[in-house]
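Novice: Below is the file data.tsv, with TSV, C-alpha atoms and all ligand atoms.
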chain	number	residue	atom	x	y	z
A	1	MET	CA	-53.37	-26.98	25.33
A	2	ALA	CA	-54.23	-25.90	21.78
A	3	ALA	CA	-51.19	-23.62	21.76
A	4	LEU	CA	-49.01	-26.49	22.83
A	5	ILE	CA	-50.30	-28.68	20.01
A	6	VAL	CA	-49.68	-25.93	17.47
A	7	LEU	CA	-46.19	-25.42	18.82
A	8	THR	CA	-45.45	-29.15	18.68
A	9	LEU	CA	-46.75	-29.30	15.14
A	10	CYS	CA	-44.62	-26.33	14.17
A	11	LEU	CA	-41.54	-27.87	15.68
A	12	LEU	CA	-42.19	-31.11	13.88
A	13	THR	CA	-43.04	-29.68	10.51
A	14	ALA	CA	-40.63	-26.76	10.31
A	15	PRO	CA	-37.52	-28.86	9.74
A	16	LEU	CA	-39.41	-30.93	7.19
A	17	LEU	CA	-40.45	-27.81	5.34
A	18	ARG	CA	-36.93	-26.49	5.44
A	19	ALA	CA	-35.61	-29.76	4.09
A	20	GLN	CA	-38.14	-29.59	1.23
A	21	GLU	CA	-37.13	-26.03	0.52
A	22	VAL	CA	-33.44	-26.92	0.45
A	23	LYS	CA	-34.12	-29.84	-1.88
A	24	LEU	CA	-36.12	-27.62	-4.20
A	25	GLN	CA	-33.45	-24.95	-4.16
A	26	SER	CA	-30.75	-27.44	-4.98
A	27	LEU	CA	-32.83	-28.84	-7.78
A	28	LEU	CA	-33.45	-25.37	-9.20
A	29	GLY	CA	-29.80	-24.54	-8.69
A	30	THR	CA	-28.80	-27.65	-10.57
A	31	LEU	CA	-31.19	-26.91	-13.39
A	32	ASP	CA	-30.66	-23.18	-13.65
A	33	ASN	CA	-27.06	-22.72	-12.94
A	34	ASN	CA	-25.21	-25.92	-12.78
A	35	VAL	CA	-21.79	-24.30	-12.65
A	36	GLU	CA	-22.59	-21.93	-9.82
A	37	PHE	CA	-24.10	-24.69	-7.74
A	38	GLN	CA	-21.03	-26.83	-8.09
A	39	THR	CA	-18.64	-24.05	-7.12
A	40	ALA	CA	-20.35	-23.36	-3.79
A	41	TYR	CA	-17.27	-24.90	-2.19
A	42	ARG	CA	-13.84	-23.77	-3.30
A	43	ALA	CA	-10.50	-25.16	-2.27
A	44	PRO	CA	-8.20	-22.56	-0.67
A	45	TRP	CA	-6.06	-22.28	-3.83
A	46	GLN	CA	-9.19	-21.54	-5.87
A	47	THR	CA	-9.84	-18.38	-3.86
A	48	MET	CA	-8.08	-15.02	-4.04
A	49	PRO	CA	-6.10	-13.92	-0.99
A	50	GLN	CA	-7.32	-10.52	0.24
A	51	LEU	CA	-4.48	-8.02	0.06
A	52	PRO	CA	-3.69	-6.01	3.17
A	53	PRO	CA	-2.74	-2.36	2.49
A	54	MET	CA	0.89	-1.64	1.67
A	55	PRO	CA	2.99	-0.30	4.57
A	56	ALA	CA	4.02	3.37	4.27
A	57	PRO	CA	6.97	3.64	1.87
A	58	LYS	CA	10.13	5.64	2.60
A	59	PHE	CA	9.80	7.10	-0.86
A	60	ASN	CA	7.44	6.86	-3.79
A	61	GLY	CA	7.49	8.67	-7.10
A	62	THR	CA	8.35	8.32	-10.75
A	63	ALA	CA	11.56	8.14	-12.73
A	64	SER	CA	11.76	9.23	-16.33
A	65	VAL	CA	13.10	6.20	-18.21
A	66	ASN	CA	12.85	5.04	-21.84
A	67	GLY	CA	10.16	7.58	-22.68
A	68	ILE	CA	7.84	6.82	-19.76
A	69	ASP	CA	7.34	7.77	-16.09
A	70	LEU	CA	8.09	4.61	-14.15
A	71	TRP	CA	6.48	4.57	-10.68
A	72	TYR	CA	8.38	2.94	-7.84
A	73	ALA	CA	8.45	2.88	-4.04
A	74	ILE	CA	11.21	2.20	-1.52
A	75	TYR	CA	10.76	0.34	1.79
A	76	GLY	CA	12.98	-1.15	4.46
A	77	ALA	CA	16.64	-0.44	5.12
A	78	ASP	CA	18.36	2.70	3.81
A	79	LEU	CA	19.53	2.12	0.24
A	80	VAL	CA	23.08	3.42	0.69
A	81	GLU	CA	23.66	1.82	4.11
A	82	SER	CA	22.25	-1.60	3.19
A	83	GLN	CA	24.44	-1.77	0.09
A	84	ALA	CA	27.51	-0.67	2.08
A	85	GLN	CA	26.81	-3.63	4.39
A	86	GLY	CA	26.77	-5.95	1.38
A	87	HIS	CA	23.00	-6.45	1.15
A	88	ALA	CA	21.72	-6.18	-2.41
A	89	PRO	CA	18.39	-4.36	-2.72
A	90	VAL	CA	15.39	-6.56	-3.53
A	91	VAL	CA	13.27	-5.44	-6.48
A	92	PHE	CA	9.66	-6.65	-6.64
A	93	LEU	CA	8.23	-7.20	-10.13
A	94	HIS	CA	4.49	-7.83	-10.30
A	95	GLY	CA	2.39	-9.94	-12.67
A	96	GLY	CA	0.71	-8.63	-15.81
A	97	PHE	CA	-2.13	-6.14	-15.16
A	98	ALA	CA	-1.19	-5.87	-11.48
A	99	ASN	CA	0.83	-3.26	-9.57
A	100	SER	CA	3.17	-2.99	-6.57
A	101	ASP	CA	0.33	-3.40	-4.05
A	102	TYR	CA	0.15	-7.11	-4.84
A	103	PHE	CA	3.35	-7.52	-2.81
A	104	SER	CA	1.91	-6.13	0.42
A	105	TYR	CA	2.35	-9.39	2.37
A	106	GLN	CA	5.95	-9.77	1.24
A	107	VAL	CA	6.95	-6.13	1.76
A	108	ASP	CA	5.35	-6.05	5.20
A	109	TYR	CA	7.17	-9.27	6.15
A	110	LEU	CA	10.59	-8.11	4.91
A	111	LYS	CA	10.52	-4.38	5.65
A	112	ASP	CA	12.36	-4.65	8.98
A	113	GLY	CA	15.14	-6.84	7.54
A	114	PRO	CA	18.61	-5.78	6.31
A	115	HIS	CA	17.64	-5.27	2.64
A	116	THR	CA	16.20	-2.24	0.90
A	117	LEU	CA	12.98	-3.19	-0.89
A	118	ILE	CA	11.99	-1.53	-4.16
A	119	THR	CA	8.61	-2.13	-5.77
A	120	ILE	CA	8.06	-1.09	-9.38
A	121	ASP	CA	4.81	-0.62	-11.30
A	122	SER	CA	5.77	-1.95	-14.75
A	123	ARG	CA	5.13	0.31	-17.74
A	124	ALA	CA	1.46	0.87	-18.62
A	125	GLN	CA	0.46	-0.73	-15.29
A	126	GLY	CA	-0.28	0.62	-11.84
A	127	ARG	CA	0.81	4.26	-11.61
A	128	SER	CA	3.34	4.11	-14.47
A	129	THR	CA	2.69	5.67	-17.85
A	130	ASP	CA	2.67	3.90	-21.20
A	131	ASP	CA	4.32	4.76	-24.51
A	132	THR	CA	1.76	3.73	-27.09
A	133	SER	CA	4.16	4.50	-29.95
A	134	GLN	CA	5.76	1.11	-29.32
A	135	PRO	CA	4.50	-2.31	-28.24
A	136	ILE	CA	4.85	-3.48	-24.63
A	137	THR	CA	7.57	-6.15	-24.62
A	138	PHE	CA	9.54	-8.03	-21.98
A	139	ASP	CA	12.70	-6.45	-23.39
A	140	ILE	CA	11.50	-2.90	-22.78
A	141	ILE	CA	10.13	-3.81	-19.31
A	142	THR	CA	13.54	-5.35	-18.54
A	143	GLN	CA	15.33	-2.25	-19.78
A	144	ASP	CA	13.05	-0.04	-17.62
A	145	VAL	CA	14.21	-1.94	-14.53
A	146	VAL	CA	17.86	-1.55	-15.52
A	147	ALA	CA	17.38	2.18	-16.22
A	148	LEU	CA	15.80	2.70	-12.79
A	149	MET	CA	18.66	0.82	-11.09
A	150	ASP	CA	21.14	3.04	-12.97
A	151	LEU	CA	19.32	6.15	-11.75
A	152	LEU	CA	19.31	4.86	-8.18
A	153	GLN	CA	23.00	3.93	-8.54
A	154	VAL	CA	22.29	0.32	-7.71
A	155	GLU	CA	24.89	-1.93	-9.31
A	156	ARG	CA	23.75	-5.36	-8.12
A	157	PHE	CA	20.23	-6.32	-7.05
A	158	SER	CA	17.93	-9.27	-6.48
A	159	THR	CA	14.43	-9.73	-7.82
A	160	VAL	CA	11.24	-11.27	-6.56
A	161	GLY	CA	9.18	-11.77	-9.70
A	162	TRP	CA	5.66	-13.08	-9.98
A	163	SER	CA	4.36	-14.25	-13.40
A	164	ASP	CA	5.31	-11.50	-15.90
A	165	GLY	CA	7.67	-10.22	-13.21
A	166	ALA	CA	9.30	-13.67	-13.09
A	167	CYS	CA	9.79	-13.52	-16.88
A	168	THR	CA	11.30	-10.04	-16.54
A	169	SER	CA	13.64	-11.48	-13.90
A	170	PHE	CA	14.83	-14.07	-16.44
A	171	GLY	CA	15.28	-11.29	-19.00
A	172	LEU	CA	17.50	-9.54	-16.47
A	173	ALA	CA	19.45	-12.70	-15.62
A	174	MET	CA	20.02	-13.49	-19.32
A	175	ASN	CA	21.14	-10.05	-20.42
A	176	TYR	CA	22.45	-8.34	-17.29
A	177	SER	CA	23.66	-11.35	-15.30
A	178	GLN	CA	26.55	-9.49	-13.67
A	179	ARG	CA	24.02	-7.14	-12.03
A	180	ILE	CA	21.75	-9.84	-10.64
A	181	ASP	CA	22.42	-11.31	-7.21
A	182	ARG	CA	19.39	-13.60	-6.80
A	183	VAL	CA	16.10	-14.31	-8.52
A	184	PHE	CA	12.94	-15.68	-6.91
A	185	ALA	CA	10.81	-16.49	-9.96
A	186	PHE	CA	7.25	-17.52	-9.07
A	187	GLY	CA	4.81	-18.65	-11.77
A	188	ALA	CA	7.15	-18.01	-14.72
A	189	THR	CA	6.79	-19.04	-18.37
A	190	TYR	CA	9.24	-19.24	-21.27
A	191	ASN	CA	6.70	-19.40	-24.13
A	192	PRO	CA	3.03	-18.36	-24.62
A	193	GLU	CA	2.24	-22.08	-24.95
A	194	ASN	CA	3.00	-22.44	-21.24
A	195	ILE	CA	-0.21	-20.60	-20.38
A	196	ASN	CA	-2.84	-23.11	-19.28
A	197	ALA	CA	-5.71	-23.06	-21.79
A	198	THR	CA	-8.33	-23.15	-19.00
A	199	VAL	CA	-6.98	-20.27	-16.90
A	200	MET	CA	-9.56	-17.75	-18.13
A	201	GLU	CA	-12.38	-19.94	-16.78
A	202	THR	CA	-11.00	-20.09	-13.25
A	203	HIS	CA	-12.59	-18.16	-10.38
A	204	THR	CA	-9.19	-16.77	-9.34
A	205	PHE	CA	-8.34	-15.36	-12.76
A	206	GLN	CA	-11.82	-13.92	-13.26
A	207	THR	CA	-11.68	-12.26	-9.84
A	208	TYR	CA	-8.19	-10.98	-10.61
A	209	MET	CA	-9.37	-9.36	-13.86
A	210	GLU	CA	-12.21	-7.63	-11.95
A	211	TRP	CA	-9.73	-6.29	-9.40
A	212	VAL	CA	-7.21	-5.01	-11.93
A	213	GLN	CA	-9.88	-3.31	-13.99
A	214	LYS	CA	-11.03	-1.35	-10.92
A	215	GLU	CA	-7.42	-0.55	-9.99
A	216	TYR	CA	-6.66	0.67	-13.50
A	217	LYS	CA	-9.40	3.28	-13.13
A	218	ILE	CA	-7.98	4.45	-9.79
A	219	TYR	CA	-4.24	4.31	-10.51
A	220	SER	CA	-3.53	4.67	-14.18
A	221	PRO	CA	-2.31	8.11	-15.31
A	222	SER	CA	-3.29	7.06	-18.85
A	223	SER	CA	-6.35	8.43	-20.59
A	224	ALA	CA	-6.61	5.23	-22.66
A	225	SER	CA	-9.43	2.85	-21.79
A	226	PHE	CA	-8.75	-0.36	-19.91
A	227	GLU	CA	-9.77	-2.25	-23.06
A	228	ASP	CA	-7.09	-0.51	-25.14
A	229	PHE	CA	-4.45	-1.21	-22.52
A	230	GLU	CA	-5.67	-4.81	-22.20
A	231	LYS	CA	-5.24	-5.29	-25.95
A	232	ARG	CA	-1.66	-4.11	-25.75
A	233	LEU	CA	-0.76	-6.38	-22.87
A	234	LEU	CA	-2.56	-9.40	-24.35
A	235	ALA	CA	-0.62	-8.83	-27.57
A	236	MET	CA	2.56	-9.31	-25.53
A	237	TRP	CA	1.18	-12.42	-23.81
A	238	SER	CA	0.26	-13.96	-27.14
A	239	SER	CA	3.80	-13.72	-28.52
A	240	GLU	CA	6.17	-13.44	-25.53
A	241	PRO	CA	8.28	-14.61	-23.88
A	242	HIS	CA	9.76	-16.73	-26.61
A	243	TRP	CA	12.78	-18.35	-25.05
A	244	SER	CA	14.47	-21.72	-25.52
A	245	ALA	CA	17.09	-23.74	-23.66
A	246	GLU	CA	19.66	-21.73	-25.59
A	247	SER	CA	18.34	-18.38	-24.27
A	248	PHE	CA	18.68	-19.63	-20.69
A	249	GLN	CA	22.25	-20.74	-21.36
A	250	LYS	CA	23.13	-17.04	-21.34
A	251	ILE	CA	22.66	-17.13	-17.56
A	252	PRO	CA	25.99	-18.10	-16.01
A	253	SER	CA	25.77	-21.30	-14.01
A	254	ARG	CA	26.44	-21.68	-10.30
A	255	PHE	CA	28.39	-24.80	-11.25
A	256	ASP	CA	31.11	-22.75	-12.97
A	257	ASN	CA	30.86	-19.28	-11.53
A	258	PRO	CA	30.58	-18.27	-7.87
A	259	ASN	CA	29.16	-14.88	-8.92
A	260	ALA	CA	26.40	-16.38	-11.04
A	261	PRO	CA	22.94	-15.35	-9.86
A	262	ILE	CA	21.25	-17.72	-7.42
A	263	ILE	CA	17.98	-18.64	-9.11
A	264	TRP	CA	14.93	-20.19	-7.51
A	265	ILE	CA	12.21	-21.45	-9.81
A	266	VAL	CA	9.14	-21.36	-7.57
A	267	ALA	CA	5.84	-23.00	-8.41
A	268	GLY	CA	2.48	-23.51	-6.74
A	269	ASP	CA	1.53	-27.19	-6.70
A	270	SER	CA	-1.99	-26.17	-7.77
A	271	GLU	CA	-1.01	-23.73	-10.53
A	272	GLU	CA	-3.93	-22.82	-12.79
A	273	ALA	CA	-2.26	-20.22	-15.05
A	274	VAL	CA	0.98	-21.95	-16.06
A	275	THR	CA	1.04	-25.56	-17.29
A	276	ARG	CA	2.20	-28.05	-14.70
A	277	THR	CA	5.34	-29.15	-16.56
A	278	THR	CA	6.77	-25.63	-17.06
A	279	PRO	CA	8.66	-25.18	-13.74
A	280	GLY	CA	10.52	-28.47	-14.18
A	281	ILE	CA	11.60	-27.52	-17.70
A	282	LEU	CA	12.84	-24.11	-16.52
A	283	HIS	CA	14.73	-25.81	-13.72
A	284	ASP	CA	16.40	-28.16	-16.24
A	285	TRP	CA	17.30	-25.28	-18.54
A	286	ILE	CA	18.77	-23.04	-15.86
A	287	TRP	CA	21.67	-25.19	-14.86
A	288	GLY	CA	22.35	-24.75	-11.16
A	289	SER	CA	18.94	-23.28	-10.33
A	290	SER	CA	16.76	-24.57	-7.51
A	291	LEU	CA	13.19	-25.80	-7.85
A	292	VAL	CA	10.76	-25.02	-5.04
A	293	VAL	CA	7.17	-26.21	-5.06
A	294	LEU	CA	4.86	-24.49	-2.60
A	295	PRO	CA	2.09	-26.69	-1.22
A	296	SER	CA	-1.62	-25.96	-1.69
A	297	VAL	CA	-1.26	-22.71	-3.62
A	298	GLY	CA	-1.91	-21.61	-7.18
A	299	HIS	CA	-0.77	-18.69	-9.33
A	300	PHE	CA	-2.20	-16.11	-6.91
A	301	ALA	CA	-0.42	-17.40	-3.77
B	1	LIG	C1	3.49	8.36	-1.63
B	1	LIG	O1	4.07	9.32	-0.78
B	1	LIG	C2	3.17	10.31	-0.30
B	1	LIG	C3	3.99	11.27	0.55
B	1	LIG	O2	5.06	11.76	-0.20
B	1	LIG	C4	2.08	9.67	0.53
B	1	LIG	O3	1.16	10.63	0.94
B	1	LIG	C5	1.39	8.60	-0.30
B	1	LIG	O4	0.48	7.89	0.52
B	1	LIG	C6	2.39	7.62	-0.88
B	1	LIG	N1	1.69	6.75	-1.81
B	1	LIG	C7	1.83	5.43	-1.77
B	1	LIG	C8	1.00	4.66	-2.74
B	1	LIG	O5	2.58	4.85	-1.03
B	2	LIG	C1	17.76	-10.96	-23.54
B	2	LIG	O1	18.14	-12.19	-24.07
B	2	LIG	C2	17.14	-12.84	-24.84
B	2	LIG	C3	17.64	-14.22	-25.22
B	2	LIG	O2	18.78	-14.13	-26.02
B	2	LIG	C4	16.78	-11.96	-26.03
B	2	LIG	O3	15.71	-12.59	-26.73
B	2	LIG	C5	16.35	-10.60	-25.56
B	2	LIG	O4	16.14	-9.76	-26.67
B	2	LIG	C6	17.37	-9.98	-24.61
B	2	LIG	N1	16.76	-8.80	-23.96
B	2	LIG	C7	17.41	-7.67	-23.69
B	2	LIG	C8	16.64	-6.63	-22.97
B	2	LIG	O5	18.56	-7.48	-24.00
B	3	LIG	C1	-4.54	-26.44	-16.05
B	3	LIG	O1	-5.06	-26.05	-14.79
B	3	LIG	C2	-5.94	-26.98	-14.19
B	3	LIG	C3	-6.45	-26.37	-12.89
B	3	LIG	O2	-7.15	-25.19	-13.14
B	3	LIG	C4	-5.24	-28.30	-13.97
B	3	LIG	O3	-6.15	-29.24	-13.46
B	3	LIG	C5	-4.63	-28.81	-15.26
B	3	LIG	O4	-3.87	-29.95	-15.01
B	3	LIG	C6	-3.76	-27.74	-15.89
B	3	LIG	N1	-3.30	-28.19	-17.20
B	3	LIG	C7	-2.01	-28.30	-17.51
B	3	LIG	C8	-1.73	-28.74	-18.91
B	3	LIG	O5	-1.09	-28.04	-16.75
Rewrite the structure of this file - the entire thing - as structure tokens.

Specialist:
Amino acid sequence: MAALIVLTLCLLTAPLLRAQEVKLQSLLGTLDNNVEFQTAYRAPWQTMPQLPPMPAPKFNGTASVNGIDLWYAIYGADLVESQAQGHAPVVFLHGGFANSDYFSYQVDYLKDGPHTLITIDSRAQGRSTDDTSQPITFDIITQDVVALMDLLQVERFSTVGWSDGACTSFGLAMNYSQRIDRVFAFGATYNPENINATVMETHTFQTYMEWVQKEYKIYSPSSASFEDFEKRLLAMWSSEPHWSAESFQKIPSRFDNPNAPIIWIVAGDSEEAVTRTTPGILHDWIWGSSLVVLPSVGHFA
């Protein structure tokens, strides 16, 4: 009988105690770490997608271009055969600080299709080397892509560019338009002012910077510290790209020219890194481009 009373008491009081504890914890949480308490829930676009491993490439290695060793990998259809069948290779250009592995979902999805897929680690990033005798610029990154395509004897190609890679894609379309078949430009900018002032405070960007710092230690052939490399890349971000409507007029328009590159300006509707008005402006400036807004995703879709 006594045991039963104790048990009943326990059952009655335990939830009350737990409720008190929870209240206290929330109060402490609110007092101690207001920010952390509020971010207990995150919307899907405020979280980083986990990257599956890359599929096995058909080739990976470096090419000596413009004074650096540019790392690249080839997936999907045979390069010579796919081009003979009229399918332009698709070149994947990653965002600043990242590397080819960030395209694992896309490469895995497209690897059994008719196109050859080529991923490139941009200079100073991933497994590519840097040339510290000159600044990192979009022009030199653009020229690295062209030099690799020359080496691989690829005349015309398409690009899937994310962030910096999207800017590089524009650099290619502006200056080498006859070689560009299509551009899928996700999360692009045309001026450093397009970077959202609050991006550094977001959970996604902070997580991203933790990831890339770890990856730099694993992948980079450079003996320079991450901080030195970071300084060089941030110097580029603070001054480039610096394009106007006039720069984009160098891209031939689909309205006048059937061979003009097909250009998709792609945005996440919950972008946190690029200001919300940027994709619309780019779409207006690239006459004949398409504007695609992906639902419920941010810069790290
Ligand atoms: C590169 O190719 C080698 C085989 O040549 C393979 O062992 C390695 O896993 C590949 N690396 C990547 C990152 O795909
Ligand atoms: C591409 O064109 C832009 C706009 O005119 C120019 O600023 C840039 O220097 C050019 N880049 C290359 C690699 O030719
Ligand atoms: C900057 O990003 C936040 C989301 O992180 C968004 O709410 C805000 O509207 C953005 N600002 C601009 C100017 O696009």

Novice: At a cut-off of 9 Å, using all atoms listed in the file, what residues contact Asn259 (chain A)? Leave out same-chain residues fewer than 3 positions from it and give the result as a list in words.

Specialist: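 So, after excluding close chain neighbours, the residues are Gln178, Asp181, Pro252, Ser253, Arg254 and Ile262 of chain A.
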
Novice: Could you give me, as a count of residues only, the residues within 9 Å of Leu233 (chain A), counting all atoms listed in the file and dropping anything in the same chain fewer than 6 positions from it?

Specialist: 6

Novice: Name each residue within 9 Å of ligand LIG 3 (chain B), counting only C-alpha atoms and all ligand atoms, as a PyMOL selection string.

Specialist: chain A and resi 46+194-199+201-202+270-278+298

Novice: Go through A:His242, A:His299, A:Arg127, A:His115 one by one, measure the shortest atom-to-atom distance of each to ligand LIG 1 (chain B) using all atoms listed in the file, and give the residue with the smallest value.

Specialist: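 Ranked by minimum distance to ligand LIG 1 (chain B), first place goes to A:Arg127.
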
Novice: Do a neighbour search on Lys217 (chain A) at 12 Å with only C-alpha atoms, toss out local chain neighbours closer than 5 positions, and write the hits as a PyMOL selection string.

Specialist: chain A and resi 125-127+210-212+222-227+229

Novice: Have a look at A:Asp112, A:Asn191, A:Ala84, A:Asp139 and name the one nearest to Val154 (chain A); count only C-alpha atoms.

Specialist: A:Ala84

Novice: Quick one: residues within 7 Å of Trp285 (chain A), all atoms listed in the file, excluding same-chain residues fewer than 4 positions away - as a list of chain:residue names?

Specialist: A:Ala245, A:Phe248, A:Ile281

Novice: For those residues, write C-alpha atoms to a file as a PDB file, keeping the file's coordinate frame.

Specialist:
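Result file follows (result.pdb):
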ATOM      1  CA  ALA A 245      17.090 -23.740 -23.660  1.00  0.00           C
ATOM      2  CA  PHE A 248      18.680 -19.630 -20.690  1.00  0.00           C
ATOM      3  CA  ILE A 281      11.600 -27.520 -17.700  1.00  0.00           C
TER       4      ILE A 281
END

Novice: For the atom pair CA of Pro114 (chain A) and CA of Pro49 (chain A), what is the interatomic distance in Å to one decimal place?

Specialist: 27.0 Å

Novice: How would you write, as a CSV table (one decimal) with C-alpha atoms, keeping the file's coordinate frame, the set of residues no farther than 7 Å from ligand LIG 1 (chain B) when counting only C-alpha atoms and all ligand atoms?

Specialist:
chain,number,residue,atom,x,y,z
A,56,ALA,CA,4.0,3.4,4.3
A,57,PRO,CA,7.0,3.6,1.9
A,59,PHE,CA,9.8,7.1,-0.9
A,60,ASN,CA,7.4,6.9,-3.8
A,61,GLY,CA,7.5,8.7,-7.1
A,73,ALA,CA,8.4,2.9,-4.0

Novice: Name the residues in contact with Ser290 (chain A) at a cut-off of 7 Å, using all atoms listed in the file, excluding same-chain residues fewer than 4 positions from it; report them as a list in words.

Specialist: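 Near neighbours after the sequence-gap exclusion: Ile263, Trp264, Ile265 and His283 of chain A.
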
Novice: From (8.8, 7.4, -22.5), in the file's coordinates, out to 12 Å: which residues are reached, counting all atoms listed in the file? Answer as a ChimeraX atom specification.

Specialist: /A:62-70,123-124,128-134,136,140-141,143-144,147

Novice: Any chance you could tabulate, as a Markdown table, the residues of chain A at most 9 Å from ligand LIG 2 (chain B) with each one's nearest atom pair and distance in Å to one decimal, using only C-alpha atoms and all ligand atoms, in chain and rising number order?

Specialist:
| residue | atom | partner | partner_atom | distance |
| --- | --- | --- | --- | --- |
| A:Phe138 | CA | B:LIG2 | C8 | 7.3 |
| A:Asp139 | CA | B:LIG2 | C8 | 4.0 |
| A:Ile140 | CA | B:LIG2 | C8 | 6.4 |
| A:Ile141 | CA | B:LIG2 | C8 | 8.0 |
| A:Thr142 | CA | B:LIG2 | C8 | 5.6 |
| A:Gln143 | CA | B:LIG2 | C8 | 5.6 |
| A:Phe170 | CA | B:LIG2 | C1 | 8.3 |
| A:Gly171 | CA | B:LIG2 | C1 | 5.2 |
| A:Leu172 | CA | B:LIG2 | C8 | 7.2 |
| A:Ala173 | CA | B:LIG2 | C1 | 8.3 |
| A:Met174 | CA | B:LIG2 | O1 | 5.3 |
| A:Asn175 | CA | B:LIG2 | C1 | 4.7 |
| A:Tyr176 | CA | B:LIG2 | O5 | 7.8 |
| A:Pro241 | CA | B:LIG2 | O3 | 8.2 |
| A:His242 | CA | B:LIG2 | O3 | 7.2 |
| A:Trp243 | CA | B:LIG2 | C3 | 6.4 |
| A:Ser244 | CA | B:LIG2 | C3 | 8.1 |
| A:Glu246 | CA | B:LIG2 | O2 | 7.7 |
| A:Ser247 | CA | B:LIG2 | C3 | 4.3 |
| A:Phe248 | CA | B:LIG2 | C3 | 7.1 |
| A:Gln249 | CA | B:LIG2 | O2 | 8.8 |
| A:Lys250 | CA | B:LIG2 | O2 | 7.0 |

Novice: Which residue is closest to Ile120 (chain A)? Choose from A:Ala98, A:Val107, A:Met200, A:Leu93 and count all atoms listed in the file.

Specialist: A:Leu93

Novice: So how many Å separate CA of Ser169 (chain A) and CA of Thr204 (chain A), to one decimal?

Specialist: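 Distance reported for this atom pair: 23.9 Å.
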
Novice: Can you tell me how far CA of Ala188 (chain A) sits from CA of Asp164 (chain A), in Å to one decimal?

Specialist: 6.9 Å

Novice: Looking at only C-alpha atoms, which of A:Thr116, A:Asn257, A:Ser289, A:Ser220 is the one that sits closest to Val183 (chain A)?

Specialist: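 Counting only C-alpha atoms, the residue closest to Val183 (chain A) is A:Ser289.
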
Novice: Just checking: using all atoms listed in the file, which residue out of A:Ala235, A:Pro261, A:Tyr102, A:Ile74 ends up closest to Thr159 (chain A)?

Specialist: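 Closest to Thr159 (chain A) of all the choices is A:Pro261.
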
Novice: What are the centre and the three edge lengths of an axis-aligned box that wraps all atoms of region 154-172 of chain A in the file, given that 3 Å is added to every side, written as JSON and rounded to one decimal in Å?

Specialist:
{"center_x": 14.6, "center_y": -7.0, "center_z": -12.7, "size_x": 26.5, "size_y": 20.6, "size_z": 18.5}

Novice: Ranking A:Ala40, A:Thr47, A:Ala185, A:Phe157 by minimum distance to Phe205 (chain A) and counting only C-alpha atoms, which one comes first?

Specialist: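 Between A:Ala40, A:Thr47, A:Ala185, A:Phe157, the residue approaching Phe205 (chain A) most closely is A:Thr47.
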